[in-house]
Each structure stands twice: as C-alpha cells, then as structure tokens.
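Everything below belongs to input-v5.txt, which stores compact mmCIF, C-alpha atoms.
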# COMPACT_ATOMS: atom_id res chain seq x y z
CA MET A 1 -7.64 5.43 -18.72
CA ALA A 2 -5.20 3.00 -20.35
CA GLU A 3 -2.28 5.43 -20.06
CA LYS A 4 -3.14 6.61 -16.54
CA VAL A 5 -0.85 5.38 -13.76
CA ILE A 6 -2.01 5.24 -10.15
CA LEU A 7 0.82 6.55 -7.99
CA THR A 8 0.67 5.44 -4.36
CA ALA A 9 2.79 7.03 -1.65
CA ALA A 10 3.44 4.65 1.26
CA LEU A 11 4.41 7.17 3.88
CA THR A 12 5.81 5.52 6.99
CA GLY A 13 5.42 1.76 7.51
CA ALA A 14 5.60 0.16 10.92
CA VAL A 15 9.23 -0.02 11.98
CA THR A 16 11.71 2.38 10.34
CA PRO A 17 12.86 4.91 12.97
CA LYS A 18 13.82 8.53 12.47
CA GLU A 19 17.42 7.57 13.29
CA ILE A 20 17.50 5.80 9.92
CA ALA A 21 15.16 8.12 8.01
CA PRO A 22 15.03 11.57 9.64
CA SER A 23 12.12 12.75 7.47
CA ILE A 24 9.86 9.76 8.10
CA PRO A 25 6.51 10.91 9.55
CA ILE A 26 5.52 9.38 12.90
CA THR A 27 2.68 11.36 14.50
CA PRO A 28 -0.81 11.79 12.99
CA ALA A 29 -0.01 15.44 12.27
CA GLU A 30 3.27 14.54 10.51
CA ILE A 31 1.69 11.72 8.51
CA ALA A 32 -1.23 13.90 7.45
CA GLU A 33 1.09 16.72 6.40
CA ASP A 34 3.21 14.34 4.32
CA ALA A 35 0.04 12.95 2.74
CA TYR A 36 -1.03 16.48 1.81
CA GLN A 37 2.38 17.39 0.40
CA CYS A 38 2.48 14.17 -1.64
CA TRP A 39 -1.00 14.94 -3.00
CA LYS A 40 0.15 18.45 -3.94
CA ALA A 41 3.10 16.89 -5.74
CA GLY A 42 0.73 14.62 -7.68
CA ALA A 43 0.21 11.34 -5.79
CA SER A 44 -3.09 9.55 -6.42
CA VAL A 45 -3.23 7.44 -3.25
CA VAL A 46 -1.62 7.47 0.19
CA HIS A 47 -1.02 4.22 2.10
CA LEU A 48 -1.16 4.72 5.86
CA HIS A 49 0.38 3.04 8.89
CA MET A 50 0.22 4.47 12.40
CA ARG A 51 2.93 4.65 15.08
CA ASP A 52 2.63 4.60 18.86
CA GLU A 53 4.48 6.85 21.31
CA GLN A 54 7.56 4.63 21.06
CA GLY A 55 7.54 4.93 17.28
CA LEU A 56 6.37 1.34 16.70
CA GLY A 57 3.53 0.30 14.45
CA THR A 58 0.09 0.34 16.04
CA MET A 59 -3.45 -0.44 14.91
CA ASP A 60 -4.92 2.26 17.17
CA LYS A 61 -8.15 3.22 15.43
CA HIS A 62 -8.15 6.67 17.02
CA LYS A 63 -4.79 7.52 15.46
CA PHE A 64 -6.10 6.38 12.08
CA LYS A 65 -9.18 8.57 12.57
CA GLU A 66 -7.21 11.66 13.56
CA THR A 67 -4.82 11.26 10.63
CA ILE A 68 -7.52 10.60 8.05
CA ASP A 69 -9.66 13.51 9.28
CA ARG A 70 -6.67 15.82 8.94
CA ILE A 71 -6.02 14.59 5.39
CA LYS A 72 -9.64 14.88 4.28
CA ASP A 73 -9.77 18.45 5.57
CA LYS A 74 -7.06 19.38 3.07
CA CYS A 75 -7.36 17.23 -0.04
CA ASP A 76 -9.14 14.46 -1.95
CA VAL A 77 -6.28 11.93 -2.12
CA VAL A 78 -7.45 8.29 -2.04
CA ILE A 79 -7.02 6.76 1.42
CA ASN A 80 -5.51 3.27 1.69
CA VAL A 81 -4.89 1.81 5.18
CA THR A 82 -2.89 -1.14 6.40
CA THR A 83 -4.40 -4.13 8.18
CA ALA A 84 -0.94 -5.40 9.18
CA GLY A 85 0.65 -2.52 11.03
CA ASP A 86 1.51 -4.22 14.33
CA HIS A 87 2.76 -7.79 14.77
CA ARG A 88 1.47 -7.69 18.36
CA ALA A 89 -2.14 -7.04 17.30
CA THR A 90 -4.87 -9.67 17.40
CA ASP A 91 -6.98 -10.46 14.34
CA GLU A 92 -9.75 -8.30 15.78
CA GLN A 93 -7.42 -5.35 16.36
CA ARG A 94 -6.19 -5.61 12.78
CA MET A 95 -9.75 -5.05 11.53
CA GLU A 96 -11.53 -2.83 14.05
CA HIS A 97 -10.35 0.44 12.48
CA LEU A 98 -12.03 -0.41 9.17
CA ALA A 99 -15.61 0.27 10.28
CA TYR A 100 -14.43 3.18 12.42
CA VAL A 101 -12.66 5.17 9.69
CA GLN A 102 -14.26 3.77 6.51
CA PRO A 103 -11.19 3.96 4.22
CA GLU A 104 -11.57 3.56 0.48
CA ILE A 105 -8.89 0.84 0.24
CA ALA A 106 -7.27 -1.49 2.78
CA SER A 107 -4.48 -4.02 2.48
CA PHE A 108 -5.24 -7.75 2.19
CA ASP A 109 -1.95 -9.59 2.70
CA ALA A 110 -2.80 -12.81 0.92
CA GLY A 111 -0.84 -15.37 2.97
CA SER A 112 1.69 -16.16 5.66
CA PHE A 113 5.44 -16.51 5.14
CA ASN A 114 8.81 -16.27 6.92
CA TRP A 115 9.71 -12.57 6.81
CA MET A 116 13.44 -13.09 7.18
CA PRO A 117 15.11 -12.77 9.59
CA GLY A 118 12.52 -11.37 11.96
CA GLY A 119 9.81 -14.01 12.14
CA VAL A 120 6.57 -15.26 10.63
CA PHE A 121 4.16 -12.81 9.00
CA VAL A 122 0.90 -14.50 9.94
CA ASN A 123 -2.22 -14.19 7.78
CA SER A 124 -4.27 -17.31 8.43
CA PRO A 125 -7.03 -18.49 6.07
CA GLN A 126 -9.53 -17.85 8.87
CA PHE A 127 -8.35 -14.26 9.32
CA LEU A 128 -8.30 -13.56 5.59
CA SER A 129 -11.78 -14.99 5.11
CA ARG A 130 -13.10 -12.68 7.83
CA LEU A 131 -11.09 -9.73 6.56
CA GLY A 132 -12.35 -10.11 3.01
CA SER A 133 -15.96 -10.46 4.13
CA THR A 134 -15.62 -7.42 6.41
CA MET A 135 -14.25 -5.28 3.59
CA LEU A 136 -16.99 -6.48 1.27
CA ALA A 137 -19.70 -5.57 3.80
CA LEU A 138 -18.17 -2.12 4.38
CA GLY A 139 -17.61 -1.33 0.70
CA ILE A 140 -13.81 -1.16 1.10
CA LYS A 141 -11.64 -2.19 -1.85
CA PRO A 142 -9.05 -4.83 -0.89
CA GLU A 143 -5.55 -4.16 -2.17
CA ILE A 144 -4.30 -7.74 -2.38
CA GLU A 145 -0.64 -7.80 -1.36
CA ILE A 146 1.26 -10.60 -3.10
CA PHE A 147 4.66 -11.59 -1.70
CA ASP A 148 4.99 -14.90 -3.59
CA SER A 149 3.23 -16.90 -6.28
CA GLY A 150 1.18 -19.20 -4.05
CA MET A 151 -0.67 -16.19 -2.69
CA VAL A 152 -2.18 -15.47 -6.12
CA HIS A 153 -3.57 -18.99 -6.26
CA ALA A 154 -4.93 -18.68 -2.70
CA CYS A 155 -6.96 -15.66 -3.77
CA LYS A 156 -8.96 -17.88 -6.10
CA TYR A 157 -10.23 -19.72 -3.02
CA TYR A 158 -11.36 -16.50 -1.32
CA LEU A 159 -12.99 -15.41 -4.57
CA GLU A 160 -14.85 -18.70 -4.98
CA LYS A 161 -16.02 -18.60 -1.34
CA GLY A 162 -17.33 -15.04 -1.68
CA HIS A 163 -14.81 -13.39 0.62
CA LEU A 164 -13.46 -11.39 -2.33
CA THR A 165 -15.27 -10.13 -5.40
CA ALA A 166 -13.98 -9.38 -8.90
CA PRO A 167 -12.47 -7.34 -10.35
CA LEU A 168 -9.52 -7.77 -7.99
CA HIS A 169 -6.70 -5.30 -7.44
CA PHE A 170 -3.21 -6.65 -6.72
CA GLN A 171 -0.04 -5.11 -5.34
CA LEU A 172 3.05 -7.21 -6.12
CA VAL A 173 5.68 -6.83 -3.38
CA LEU A 174 9.19 -7.78 -4.47
CA GLY A 175 12.40 -7.92 -2.49
CA VAL A 176 11.21 -8.96 0.97
CA LEU A 177 13.61 -11.68 2.17
CA GLY A 178 11.46 -14.80 2.29
CA GLY A 179 9.26 -13.78 -0.63
CA ALA A 180 9.65 -13.14 -4.35
CA MET A 181 12.97 -11.72 -5.50
CA ALA A 182 13.10 -8.16 -6.79
CA ASN A 183 13.95 -8.95 -10.39
CA VAL A 184 12.17 -8.67 -13.71
CA GLU A 185 11.82 -12.44 -14.06
CA ASP A 186 9.82 -12.74 -10.82
CA LEU A 187 7.76 -9.66 -11.70
CA VAL A 188 6.82 -11.06 -15.11
CA TYR A 189 5.95 -14.44 -13.59
CA LEU A 190 3.73 -12.99 -10.86
CA LYS A 191 1.99 -10.74 -13.37
CA SER A 192 1.30 -13.77 -15.59
CA LEU A 193 -0.64 -15.45 -12.77
CA LEU A 194 -3.13 -12.62 -12.20
CA PRO A 195 -6.74 -13.28 -13.22
CA GLU A 196 -8.12 -11.63 -16.33
CA GLY A 197 -9.62 -8.24 -15.66
CA ALA A 198 -7.56 -7.56 -12.53
CA SER A 199 -5.77 -4.26 -12.00
CA TRP A 200 -2.29 -4.37 -10.53
CA GLY A 201 0.76 -2.50 -9.37
CA ALA A 202 4.19 -3.46 -8.08
CA PHE A 203 7.11 -2.11 -6.14
CA GLY A 204 10.58 -3.19 -5.04
CA ILE A 205 12.10 -2.83 -1.59
CA GLY A 206 15.21 -0.73 -1.02
CA ARG A 207 17.72 -0.60 -3.86
CA SER A 208 15.37 -2.52 -6.14
CA HIS A 209 12.90 0.38 -5.99
CA LEU A 210 13.89 2.00 -9.31
CA PRO A 211 14.40 -1.12 -11.47
CA ILE A 212 11.03 -2.57 -10.46
CA MET A 213 9.32 0.79 -11.02
CA LEU A 214 10.71 1.00 -14.54
CA ALA A 215 9.76 -2.59 -15.37
CA THR A 216 6.27 -2.16 -13.91
CA LEU A 217 5.64 0.93 -16.03
CA ALA A 218 6.85 -0.90 -19.13
CA MET A 219 4.41 -3.73 -18.36
CA GLY A 220 1.42 -1.43 -17.85
CA GLY A 221 1.19 -1.57 -14.06
CA HIS A 222 0.66 1.03 -11.37
CA ILE A 223 3.48 2.04 -9.03
CA ARG A 224 4.18 2.74 -5.37
CA VAL A 225 6.91 4.81 -3.75
CA GLY A 226 7.59 6.09 -0.25
CA LEU A 227 9.66 5.79 2.90
CA GLU A 228 7.88 2.62 3.97
CA ASP A 229 9.72 0.79 1.19
CA ASN A 230 12.87 2.77 0.48
CA VAL A 231 14.59 5.44 2.57
CA TYR A 232 17.27 6.54 0.08
CA TYR A 233 16.84 8.70 -3.02
CA SER A 234 20.17 7.40 -4.32
CA LYS A 235 23.22 5.79 -2.73
CA GLY A 236 23.91 7.64 0.50
CA VAL A 237 21.30 10.34 -0.16
CA PRO A 238 18.29 10.26 2.19
CA ALA A 239 14.87 10.45 0.57
CA THR A 240 11.68 12.20 1.53
CA ASN A 241 8.23 11.03 0.56
CA VAL A 242 7.79 14.09 -1.63
CA SER A 243 11.14 13.63 -3.41
CA LEU A 244 10.22 10.03 -4.26
CA VAL A 245 6.80 11.10 -5.54
CA GLU A 246 8.28 13.88 -7.65
CA ARG A 247 10.84 11.55 -9.24
CA ALA A 248 8.18 8.93 -9.98
CA ILE A 249 6.06 11.55 -11.71
CA ARG A 250 8.97 12.60 -13.89
CA ILE A 251 9.59 8.96 -14.85
CA ILE A 252 5.90 8.39 -15.62
CA HIS A 253 5.90 11.42 -17.91
CA GLU A 254 9.11 10.27 -19.60
CA ALA A 255 7.32 6.98 -20.31
CA ASP A 256 4.63 8.96 -22.19
CA LYS A 257 2.06 8.16 -19.52
CA ALA A 258 0.15 10.38 -17.09
CA VAL A 259 -0.43 10.19 -13.35
CA ALA A 260 -4.02 9.43 -12.42
CA THR A 261 -5.77 12.10 -10.38
CA PRO A 262 -7.42 10.78 -7.22
CA ASN A 263 -10.81 10.63 -8.96
CA GLU A 264 -9.28 8.93 -12.00
CA ALA A 265 -7.75 6.37 -9.63
CA ARG A 266 -11.22 5.89 -8.14
CA THR A 267 -12.60 5.22 -11.62
CA ILE A 268 -9.86 2.67 -12.40
CA LEU A 269 -10.42 0.87 -9.08
CA GLY A 270 -14.22 1.05 -9.10
CA LEU A 271 -14.47 3.35 -6.08
CA LYS A 272 -17.03 6.07 -5.44
CA GLN A 273 -16.07 9.48 -6.76
CA ARG A 274 -15.37 12.22 -4.24
CA SER A 275 -16.60 15.72 -4.96

Once more with this new file: its structure as structure tokens, please.
Amino acid sequence: MAEKVILTAALTGAVTPKEIAPSIPITPAEIAEDAYQCWKAGASVVHLHMRDEQGLGTMDKHKFKETIDRIKDKCDVVINVTTAGDHRATDEQRMEHLAYVQPEIASFDAGSFNWMPGGVFVNSPQFLSRLGSTMLALGIKPEIEIFDSGMVHACKYYLEKGHLTAPLHFQLVLGVLGGAMANVEDLVYLKSLLPEGASWGAFGIGRSHLPIMLATLAMGGHIRVGLEDNVYYSKGVPATNVSLVERAIRIIHEADKAVATPNEARTILGLKQRS
C-alpha cells in the first residue's frame, strides 16, 4: 500500500454559493450525484457538508441521512462527514448526526483559532474530548484537521486521556488566513510534528491547491481536492468536483503512484471493508 494515494473529494463546504461556483452541489440529491460521479472518476473518499434551504451550512442529521443513503445505493466510496458545518450549531448539534448516520470517518478539528476575517472557529477542549470519545464509542475514524502546529501537540493530550486512539490520521489544512501558510516550509514543519505511525494528507486553499498537492505527493501524503477548497481549475476557469478529481488522478499517475480504491483506503485507515 506504500504507493497508494487516498484521494478525497470535498464536495461543497458550508458557505460558497452557486453565484461564485455554479457547479457546487447544494441539495442532498446534487451532493449525492457529485459523490457518485467523483467515485466513478476514481475518488477514494468523499467529504460531506450539508446546506439548508438558504444555501448555508447546516448540521441537519436528516439531510446527512438522505445524502448518504443515496450515495450508498450507487457506490462504495468511503463516507467522511464534517462536524463543523454550521457556526450557529451547538456542540450537541455538531455531533448528533454521527450516531444517526454512522459514517466511516468524521472530522476532528483539533483546536480553536481566528478564522480571518470572519470570526473565531471554536473547538473547545471540552467539545473535542466529548467528540473524540463519541467517535471512539461509535467506531468512527477521526480525521484530525490541523490548521496550525499547536493543534498537533494538543492531540497528544486527547490521546493520553483516551479520547483518541492510535494510529491517528491527520489532514493538514494550509492557507486559511489565521492558520498555517500554504507553503512547502509550513507543510514540511507540520509533517515533522506528526506522531510515528500516523497516516496523513494535506491540501491548500484556493490558488495554493496545486503546489501543496504536488509537495504532499512528493512527501508521501494523501491528497484532497474539491469545490469546498478551490473553485477554479485554473485562473479564471471555473472547476467542477469531477474535473478536480480527474486532474488529481492524472498527477498521481505521473508521480508513479496509484489511487487507492475505496477498500484500499479502508485498509490504509483501519476501517471495515465494504462488500
């Protein structure tokens, strides 16, 4: 599995409107169809947010259920859900969909920080302790989202307290204003902090998407693409989720690596196989 790359498609996010990205999926039917098309193109994992009737992020567990049921009816792609899809949600609302839909992976945003210029992205130690323990009890793999170096060190606390369990899986998020910069130096530094035996991936926001993808592949990491992170294929050219997946697959092949199938991704991450 050393040369297998897990390719995650992050389909919609919580805020980008269709006025900015006309092809961004909003409804459960649209999100599920994009997930299916990305799987057909070769994606290993899909990362899911939900939107309400106004197009804003929501943690509505029924929308997650409808979307995931639609996806599972069509394909075996690995399901990864957000726990941070609505800044208006309470801690309880950020977690209640987990038991309801039983995803394979869910995000664990490993700390709070100023998400410039909008406000504070709050992930208190109390919330994260409960979130980690809930995922552990439900058999859900945490994808530990790292926005800056201190968050890696904080994970050692949750590991020691039993709220997380090794081996850990990290997603390094670069280019959010208020967090780590989207450059190779920050990527290399964050990677150097990860505990031995951890799996990891990384991605850059916006125009840093391609440089961070290339550096991550060179360093042996997994990659993520999609309209949640980057809405342009190139300068002035709108992207689709499928076009970003297809380009990533070409780049992975040019790097003499192979894209992990969903079940190969499950093996790498220690998840149950799906028949």

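Closest approach to Pro262 (chain A) from the set A:Asp76, A:Glu160, A:Asp109, A:Glu92 is made by A:Asp76, with distances taken over all atoms listed in the file.
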
- Query: Taking only C-alpha atoms into account, which of A:Ile144, A:Val122, A:Ala198, A:Ala84 comes nearest Gly270 (chain A)?
  - Reply: A:Ala198

- Neighbour list for Ser112 (chain A) as a PyMOL selection string, cut-off 9 Å, all atoms listed in the file, skip fewer than 6 positions in-chain: chain A and resi 120-124+151

Can you write out as CSV which residues of region 1-42 of chain A fall within 9 Å of region 236-244 of chain A, alongside each residue's closest atom pair and its distance in Å to one decimal, counting all atoms listed in the file and ordering rows by chain and ascending residue number?
residue,atom,partner,partner_atom,distance
A:Ala9,CA,A:Asn241,CA,7.1
A:Ala10,CA,A:Asn241,CA,8.0
A:Leu11,CA,A:Asn241,CA,6.4
A:Thr12,CA,A:Asn241,CA,8.8
A:Ile20,CA,A:Pro238,CA,9.0
A:Ala21,CA,A:Pro238,CA,6.9
A:Pro22,CA,A:Pro238,CA,8.2
A:Ser23,CA,A:Thr240,CA,6.0
A:Ile24,CA,A:Thr240,CA,7.2
A:Asp34,CA,A:Asn241,CA,7.1
A:Ala35,CA,A:Asn241,CA,8.7
A:Gln37,CA,A:Val242,CA,6.7
A:Cys38,CA,A:Val242,CA,5.3
A:Trp39,CA,A:Val242,CA,8.9
A:Ala41,CA,A:Val242,CA,6.8

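Proximity to Trp115 (chain A) was assessed for A:Leu177, A:Leu128, A:Ala89, A:Ala43 counting only C-alpha atoms; the smallest distance is recorded for A:Leu177.
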
- Local residues around (-12.8, 1.8, 8.7), at most 12 Å away, using all atoms listed in the file, as a VMD selection string: chain A and resid 59 to 65 68 79 to 83 93 to 107 131 134 to 141

- Message: What's the separation between CA of Val225 (chain A) and CA of Gly206 (chain A), in Å to one decimal place?
- Response: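 Separation of CA of Val225 (chain A) and CA of Gly206 (chain A): 10.3 Å.
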
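Considering the residues A:Gly42, A:Glu33, A:Val245, A:Phe108 and counting all atoms listed in the file, Asp73 (chain A) has its shortest atom-to-atom contact with A:Glu33.
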
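Restricting the calculation to only C-alpha atoms, the smallest distance between Leu187 (chain A) and any of A:Val259, A:Met213, A:Cys155, A:Gly162 is found for A:Met213.
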
- Note on the structure: In Å and to one decimal, CA of Phe127 (chain A) is distant from CA of Val46 (chain A) by 24.5 Å

- Tell me which of A:Leu227, A:Ile6, A:Ile212, A:Ala110 sits closest to Ile249 (chain A), counting all atoms listed in the file. A:Ile6
